[in-house]
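Peer 1: Here it is: the structure, laid out below.
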Amino acid sequence: MKNFKDISYLQMAYSLAEKAKGWASPNPYVGAVIVKRGIIVGYGYHEKPGKPHAELVALQMAGPLSRSSSAFITLEPCVHWGRTPPCVESLIQVRPKRVVISALDPNPLVFKKGVKRLRQAGIQVSSGLLEEKNKYLNEIYLKYITKKLPFVAAKTAISLDGKIATKKFDSRWISSRQTREYVHLLRGEYDAIMVGISTLIKDDPFLTVRHRNWKGKKTTRIILDSRLRFPLNARIISTLSQGKIMIFTLKKASRKKAEALTKKGVDVVFLPRSSSKVDLQEVLAWLGRNEIASVLVEGGSLLLTSMFEQKLVDKIFLTISPKLIGGREAPSILQGDGADCIKDSLVLKRINSFQIDEDIIIEGYF
């Protein structure tokens with residue numbers, strides 16, 4: 001019976017944590033619930049970096065009722081100073097009877113230290129309940145905090161025969177209006193959107209988050225552009241108030257063009273190595289160092305192919321539309337030389353699928 005109640009309270013804590021999706025990055029999504037004599041006396045979640053952590057929000061709501069209570073937290077309380085004080089000390093101060101933690105924090109600064117500190121203070125601690133739920137909710141944070149690299153998701157729409165555009169590179173629209181609305185909902189969960197320069201020149205997109213659920217959401221737009229072909233009159237420049245625009249280019253690119261773009265408010269990053277094309281691993285490492293914890297790659301075909309071939313994609317959202325495009329020259333989602341044998345194919349795992357209008361959305365991991 002106790003375990004059933006613990007699960008119920010943790011489920012509530014997770015429903016709170018999910019409210020932070022897309023807002024709390026690069027921090028994890030965390031929820032907390034304080035219970036005393038079977039009554040919920042406090043609850044909260046970590047909204048954004050710099051804001052109070054979930055435990056503190058819940059404790060402040062509970063006030064004096066926190067003493068001798070049970071605290072249910074989705075992630076191990078932090079023990080170090082960051083933008084906010086360590087949560088574990090706030091818990092110890094109010095002396096709860098027990099703390100139920102769903103998952104340990106893989107951050108080396110915290111891992112098992114929060115649990116140890118609570119136990120040293122004489123507080124009963126248990127962990128591991130609904131741990132799998134945390135792995136899915138915090139998949140972005142888990143990769144970022146352990147590898148200092150952003151979690152990479154690829155998103156693309158294809159026809160039944162695997163084409164992402166016609167032979168004349170027309171792709172508007174393969175997917176339905178309802179599916180495109182879902183894509184804007186999806187965009188808001190990521191720190192940045194990435195495309196190649198050819199996609200920017202061809203489609204002239206805004207790459208903004210335009211969904212009613214993400215009012216005020218700012219997203220960094222990343223353009224890979226080895227020769228700085230970025231048009232000075234591109235529509236995306238008018239959307240700087242909705243997020244940074246960052247161009248990654250090579251050392252040999254025009255400094256004059258870079259200066260012109262910088263004057264318009266665009267950030268230009270010259271990669272240090274000499275190469276004929278942008279080094280994707282170098283770009284991801286730079287993003288990780290600068291606290292961009294997740295990237296949604298939206299195309300085009302050459303960028304997606306390079307990402308897949310270098311095994312840099314963690315997750316894919318694939319929209320399959322009931323259309324047949326055909327044409328040898330029509331680009332597909334995966335170009336290049338391709339696999340020689342079926343055993344060398346890229347295989348999706350943990351697949352989930354659902355339908356929007358007449359489109360089928362497949363979500364899977366590599």
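Labels for the structure tokens follow display order: chains A, B, ..., residues from 1 in each chain, ligands from 1.
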Just list as a VMD selection string whatever in range 63-304 of chain A DSSP marks as strand (DSSP E).

Peer 2: chain A and resid 70 to 75 98 to 103 124 to 127 151 to 159 192 to 196 220 to 224 245 to 249 267 to 270 294 to 299

Peer 1: Just write the chosen residues, N, CA and C atoms, as a short mmCIF file (atom, residue, chain, number, x, y, z; two decimals), in the first residue's frame.

Peer 2:
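Here's the written file again_35.cif:
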data_model
loop_
_atom_site.label_atom_id
_atom_site.label_comp_id
_atom_site.auth_asym_id
_atom_site.auth_seq_id
_atom_site.Cartn_x
_atom_site.Cartn_y
_atom_site.Cartn_z
N SER A 70 6.85 13.75 4.35
CA SER A 70 7.51 12.90 3.35
C SER A 70 7.66 13.74 2.08
N ALA A 71 8.88 13.76 1.54
CA ALA A 71 9.15 14.53 0.32
C ALA A 71 9.35 13.57 -0.85
N PHE A 72 8.65 13.83 -1.94
CA PHE A 72 8.75 12.99 -3.15
C PHE A 72 9.36 13.85 -4.26
N ILE A 73 10.53 13.43 -4.73
CA ILE A 73 11.30 14.25 -5.68
C ILE A 73 11.71 13.38 -6.87
N THR A 74 11.57 13.91 -8.07
CA THR A 74 11.88 13.11 -9.26
C THR A 74 13.37 12.90 -9.49
N LEU A 75 14.22 13.80 -8.95
CA LEU A 75 15.66 13.69 -9.17
C LEU A 75 16.40 14.03 -7.87
N ARG A 98 11.02 11.39 5.80
CA ARG A 98 11.58 10.55 4.73
C ARG A 98 11.59 11.32 3.41
N VAL A 99 12.53 10.93 2.54
CA VAL A 99 12.63 11.52 1.21
C VAL A 99 12.64 10.38 0.19
N VAL A 100 11.70 10.42 -0.73
CA VAL A 100 11.61 9.41 -1.79
C VAL A 100 12.10 10.04 -3.08
N ILE A 101 13.22 9.54 -3.61
CA ILE A 101 13.85 10.08 -4.81
C ILE A 101 13.66 9.08 -5.95
N SER A 102 13.14 9.54 -7.07
CA SER A 102 12.93 8.62 -8.19
C SER A 102 14.25 8.18 -8.82
N ALA A 103 15.12 9.15 -9.17
CA ALA A 103 16.37 8.82 -9.87
C ALA A 103 17.55 9.60 -9.31
N GLN A 124 15.45 9.28 6.46
CA GLN A 124 15.23 8.03 5.71
C GLN A 124 15.12 8.36 4.21
N VAL A 125 15.90 7.66 3.40
CA VAL A 125 15.92 7.93 1.96
C VAL A 125 15.73 6.64 1.17
N SER A 126 14.90 6.69 0.14
CA SER A 126 14.78 5.57 -0.80
C SER A 126 14.86 6.13 -2.22
N SER A 127 15.30 5.32 -3.16
CA SER A 127 15.44 5.79 -4.55
C SER A 127 15.19 4.65 -5.53
N PHE A 151 22.06 16.91 -26.90
CA PHE A 151 21.22 15.82 -27.39
C PHE A 151 20.74 16.24 -28.78
N VAL A 152 20.90 15.35 -29.77
CA VAL A 152 20.58 15.70 -31.16
C VAL A 152 19.38 14.90 -31.64
N ALA A 153 18.35 15.61 -32.06
CA ALA A 153 17.18 14.98 -32.67
C ALA A 153 17.06 15.46 -34.11
N ALA A 154 16.69 14.56 -35.00
CA ALA A 154 16.47 14.93 -36.40
C ALA A 154 14.98 14.89 -36.68
N LYS A 155 14.51 15.85 -37.46
CA LYS A 155 13.10 15.91 -37.82
C LYS A 155 12.98 16.11 -39.31
N THR A 156 12.20 15.27 -39.97
CA THR A 156 12.00 15.46 -41.40
C THR A 156 10.70 14.81 -41.83
N ALA A 157 10.16 15.31 -42.94
CA ALA A 157 8.95 14.75 -43.53
C ALA A 157 9.32 14.05 -44.84
N ILE A 158 8.82 12.85 -45.03
CA ILE A 158 9.13 12.10 -46.26
C ILE A 158 7.84 11.58 -46.89
N SER A 159 7.95 11.28 -48.18
CA SER A 159 6.86 10.63 -48.89
C SER A 159 6.95 9.12 -48.65
N ALA A 192 17.85 24.64 -29.68
CA ALA A 192 18.29 25.19 -30.96
C ALA A 192 17.73 24.38 -32.13
N ILE A 193 17.59 25.06 -33.26
CA ILE A 193 17.20 24.42 -34.52
C ILE A 193 18.37 24.57 -35.48
N MET A 194 18.73 23.49 -36.16
CA MET A 194 19.89 23.52 -37.06
C MET A 194 19.49 23.16 -38.49
N VAL A 195 20.00 23.94 -39.45
CA VAL A 195 19.82 23.62 -40.87
C VAL A 195 21.12 23.95 -41.62
N GLY A 196 21.24 23.41 -42.81
CA GLY A 196 22.35 23.75 -43.69
C GLY A 196 22.01 25.00 -44.48
N THR A 220 17.50 29.31 -30.34
CA THR A 220 18.68 29.64 -31.14
C THR A 220 18.59 28.95 -32.50
N ARG A 221 18.85 29.70 -33.57
CA ARG A 221 18.86 29.13 -34.92
C ARG A 221 20.31 28.97 -35.38
N ILE A 222 20.68 27.76 -35.76
CA ILE A 222 22.06 27.45 -36.15
C ILE A 222 22.10 27.13 -37.64
N ILE A 223 22.96 27.87 -38.35
CA ILE A 223 23.11 27.66 -39.79
C ILE A 223 24.55 27.22 -40.06
N LEU A 224 24.71 26.12 -40.77
CA LEU A 224 26.03 25.65 -41.16
C LEU A 224 26.32 26.17 -42.56
N ILE A 245 20.70 34.02 -33.89
CA ILE A 245 21.04 33.35 -35.14
C ILE A 245 22.54 33.15 -35.14
N MET A 246 22.98 31.91 -35.26
CA MET A 246 24.41 31.61 -35.22
C MET A 246 24.82 30.90 -36.50
N ILE A 247 25.84 31.44 -37.16
CA ILE A 247 26.37 30.82 -38.37
C ILE A 247 27.73 30.22 -38.05
N PHE A 248 27.90 28.94 -38.35
CA PHE A 248 29.20 28.30 -38.21
C PHE A 248 29.83 28.21 -39.59
N THR A 249 31.04 28.75 -39.69
CA THR A 249 31.72 28.80 -40.98
C THR A 249 33.20 28.45 -40.82
N ASP A 267 25.36 36.19 -35.10
CA ASP A 267 26.63 35.72 -34.56
C ASP A 267 27.32 34.80 -35.56
N VAL A 268 28.57 35.10 -35.88
CA VAL A 268 29.34 34.28 -36.81
C VAL A 268 30.47 33.62 -36.05
N VAL A 269 30.53 32.30 -36.11
CA VAL A 269 31.56 31.52 -35.42
C VAL A 269 32.49 30.90 -36.46
N PHE A 270 33.77 31.30 -36.42
CA PHE A 270 34.77 30.72 -37.32
C PHE A 270 35.37 29.49 -36.63
N SER A 294 20.46 20.91 -26.34
CA SER A 294 19.70 20.10 -27.31
C SER A 294 19.57 20.83 -28.64
N VAL A 295 19.57 20.04 -29.70
CA VAL A 295 19.48 20.58 -31.06
C VAL A 295 18.49 19.74 -31.86
N LEU A 296 17.61 20.43 -32.59
CA LEU A 296 16.69 19.77 -33.51
C LEU A 296 17.18 20.06 -34.93
N VAL A 297 17.63 19.03 -35.62
CA VAL A 297 18.16 19.18 -36.98
C VAL A 297 17.01 19.01 -37.97
N GLU A 298 16.81 20.02 -38.82
CA GLU A 298 15.67 19.99 -39.73
C GLU A 298 16.05 19.91 -41.21
N GLY A 299 17.31 19.73 -41.53
CA GLY A 299 17.65 19.57 -42.94
C GLY A 299 18.71 20.54 -43.40
#

Peer 1: Could you name the residues that touch Thr239 in chain A at 12 Å or less, counting only C-alpha atoms, but leaving out those on the same chain fewer than 5 positions away, as a ChimeraX atom specification?

Peer 2: /A:205-210,218-221,234,244-245,264-266

Peer 1: One decimal, Å: what's the distance from CA of Arg67 in chain A over to CA of Gln11 in chain A, could you say?

Peer 2: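 Pair CA of Arg67 in chain A / CA of Gln11 in chain A returns 22.4 Å.
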
Peer 1: Please determine, counting only C-alpha atoms, which residue among A:Trp286, A:Trp23, A:Phe169, A:Phe366 has the shortest atom-to-atom distance to Gly188 in chain A.

Peer 2: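 Answer, going by the shortest atom-to-atom distance: A:Trp23.
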
Peer 1: Nearest to Ala121 in chain A among A:Ala17, A:Leu303, A:Val88, A:Leu109, with distances taken over only C-alpha atoms: which residue is it?

Peer 2: A:Val88

Peer 1: Just the residues within 7 Å of Ser68 in chain A, please, counting only C-alpha atoms, with nothing from its chain fewer than 6 positions along; format it as a list in words.

Peer 2: Arg95, Pro96 and Lys97 of chain A

Peer 1: Pick out the residues sitting within 9 Å of Leu160 in chain A, and hand them over as a ChimeraX atom specification; count only C-alpha atoms, and ignore anything fewer than 6 positions along from it in its own chain.

Peer 2: /A:320-325

Peer 1: Please provide as a list of chain:residue names all residues within 10 Å of range 352-355 of chain A, with the sequence filter that same-chain residues fewer than 3 positions apart are discarded (counting only C-alpha atoms).

Peer 2: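 Contacts, in chain order: A:Thr179, A:Phe317, A:Leu318, A:Thr319, A:Ile320, A:Lys349, A:Glu358, A:Asp359, A:Ile360, A:Ile361, A:Ile362, A:Glu363, A:Gly364, A:Tyr365.
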
Peer 1: Could you give me, as a PDB file with C-alpha atoms, in the first residue's frame, each residue of range 24-162 of chain A that DSSP assigns to alpha helix (DSSP H) when run on this structure's backbone?

Peer 2:
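Writing the result to selection-v3.pdb gives the following:
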ATOM      1  CA  ALA A  54      11.545  22.186  -7.261  1.00  0.00           C
ATOM      2  CA  GLU A  55      12.322  21.174  -3.664  1.00  0.00           C
ATOM      3  CA  LEU A  56      12.534  24.759  -2.447  1.00  0.00           C
ATOM      4  CA  VAL A  57       9.293  25.764  -4.179  1.00  0.00           C
ATOM      5  CA  ALA A  58       7.477  22.829  -2.555  1.00  0.00           C
ATOM      6  CA  LEU A  59       9.022  23.460   0.868  1.00  0.00           C
ATOM      7  CA  GLN A  60       8.120  27.140   0.789  1.00  0.00           C
ATOM      8  CA  MET A  61       4.516  26.262  -0.001  1.00  0.00           C
ATOM      9  CA  ALA A  62       4.396  23.711   2.820  1.00  0.00           C
ATOM     10  CA  CYS A  87      18.592  21.891  -2.256  1.00  0.00           C
ATOM     11  CA  VAL A  88      19.791  19.156   0.072  1.00  0.00           C
ATOM     12  CA  GLU A  89      20.553  21.699   2.810  1.00  0.00           C
ATOM     13  CA  SER A  90      17.060  23.194   2.504  1.00  0.00           C
ATOM     14  CA  LEU A  91      15.611  19.713   3.047  1.00  0.00           C
ATOM     15  CA  ILE A  92      17.838  18.978   6.035  1.00  0.00           C
ATOM     16  CA  GLN A  93      16.856  22.289   7.600  1.00  0.00           C
ATOM     17  CA  VAL A  94      13.145  21.375   7.741  1.00  0.00           C
ATOM     18  CA  LYS A 113      26.168  12.759  -2.743  1.00  0.00           C
ATOM     19  CA  GLY A 114      22.658  14.121  -2.180  1.00  0.00           C
ATOM     20  CA  VAL A 115      21.429  10.767  -0.883  1.00  0.00           C
ATOM     21  CA  LYS A 116      24.500  10.373   1.320  1.00  0.00           C
ATOM     22  CA  ARG A 117      24.106  13.848   2.835  1.00  0.00           C
ATOM     23  CA  LEU A 118      20.433  13.236   3.681  1.00  0.00           C
ATOM     24  CA  ARG A 119      21.214   9.901   5.319  1.00  0.00           C
ATOM     25  CA  GLN A 120      24.036  11.458   7.308  1.00  0.00           C
ATOM     26  CA  GLU A 131      13.481   5.634 -12.567  1.00  0.00           C
ATOM     27  CA  GLU A 132      12.718   4.724 -16.205  1.00  0.00           C
ATOM     28  CA  LYS A 133      10.274   7.628 -16.377  1.00  0.00           C
ATOM     29  CA  ASN A 134      13.085  10.005 -15.520  1.00  0.00           C
ATOM     30  CA  LYS A 135      15.347   8.554 -18.239  1.00  0.00           C
ATOM     31  CA  TYR A 136      12.779   9.505 -20.867  1.00  0.00           C
ATOM     32  CA  LEU A 137      11.797  12.873 -19.402  1.00  0.00           C
ATOM     33  CA  GLU A 139      17.022  12.327 -21.931  1.00  0.00           C
ATOM     34  CA  ILE A 140      18.436  15.705 -22.996  1.00  0.00           C
ATOM     35  CA  TYR A 141      19.946  16.476 -19.593  1.00  0.00           C
ATOM     36  CA  LEU A 142      21.356  12.951 -19.132  1.00  0.00           C
ATOM     37  CA  LYS A 143      23.457  13.211 -22.286  1.00  0.00           C
ATOM     38  CA  TYR A 144      24.445  16.834 -21.821  1.00  0.00           C
ATOM     39  CA  ILE A 145      25.568  16.541 -18.201  1.00  0.00           C
ATOM     40  CA  THR A 146      27.601  13.359 -18.758  1.00  0.00           C
ATOM     41  CA  LYS A 147      29.164  14.102 -22.167  1.00  0.00           C
TER      42      LYS A 147
END

Peer 1: Quick one: residues within 9 Å of Glu329 in chain A, only C-alpha atoms counted, chain neighbours fewer than 5 positions away excluded, as a count of residues only?

Peer 2: 3
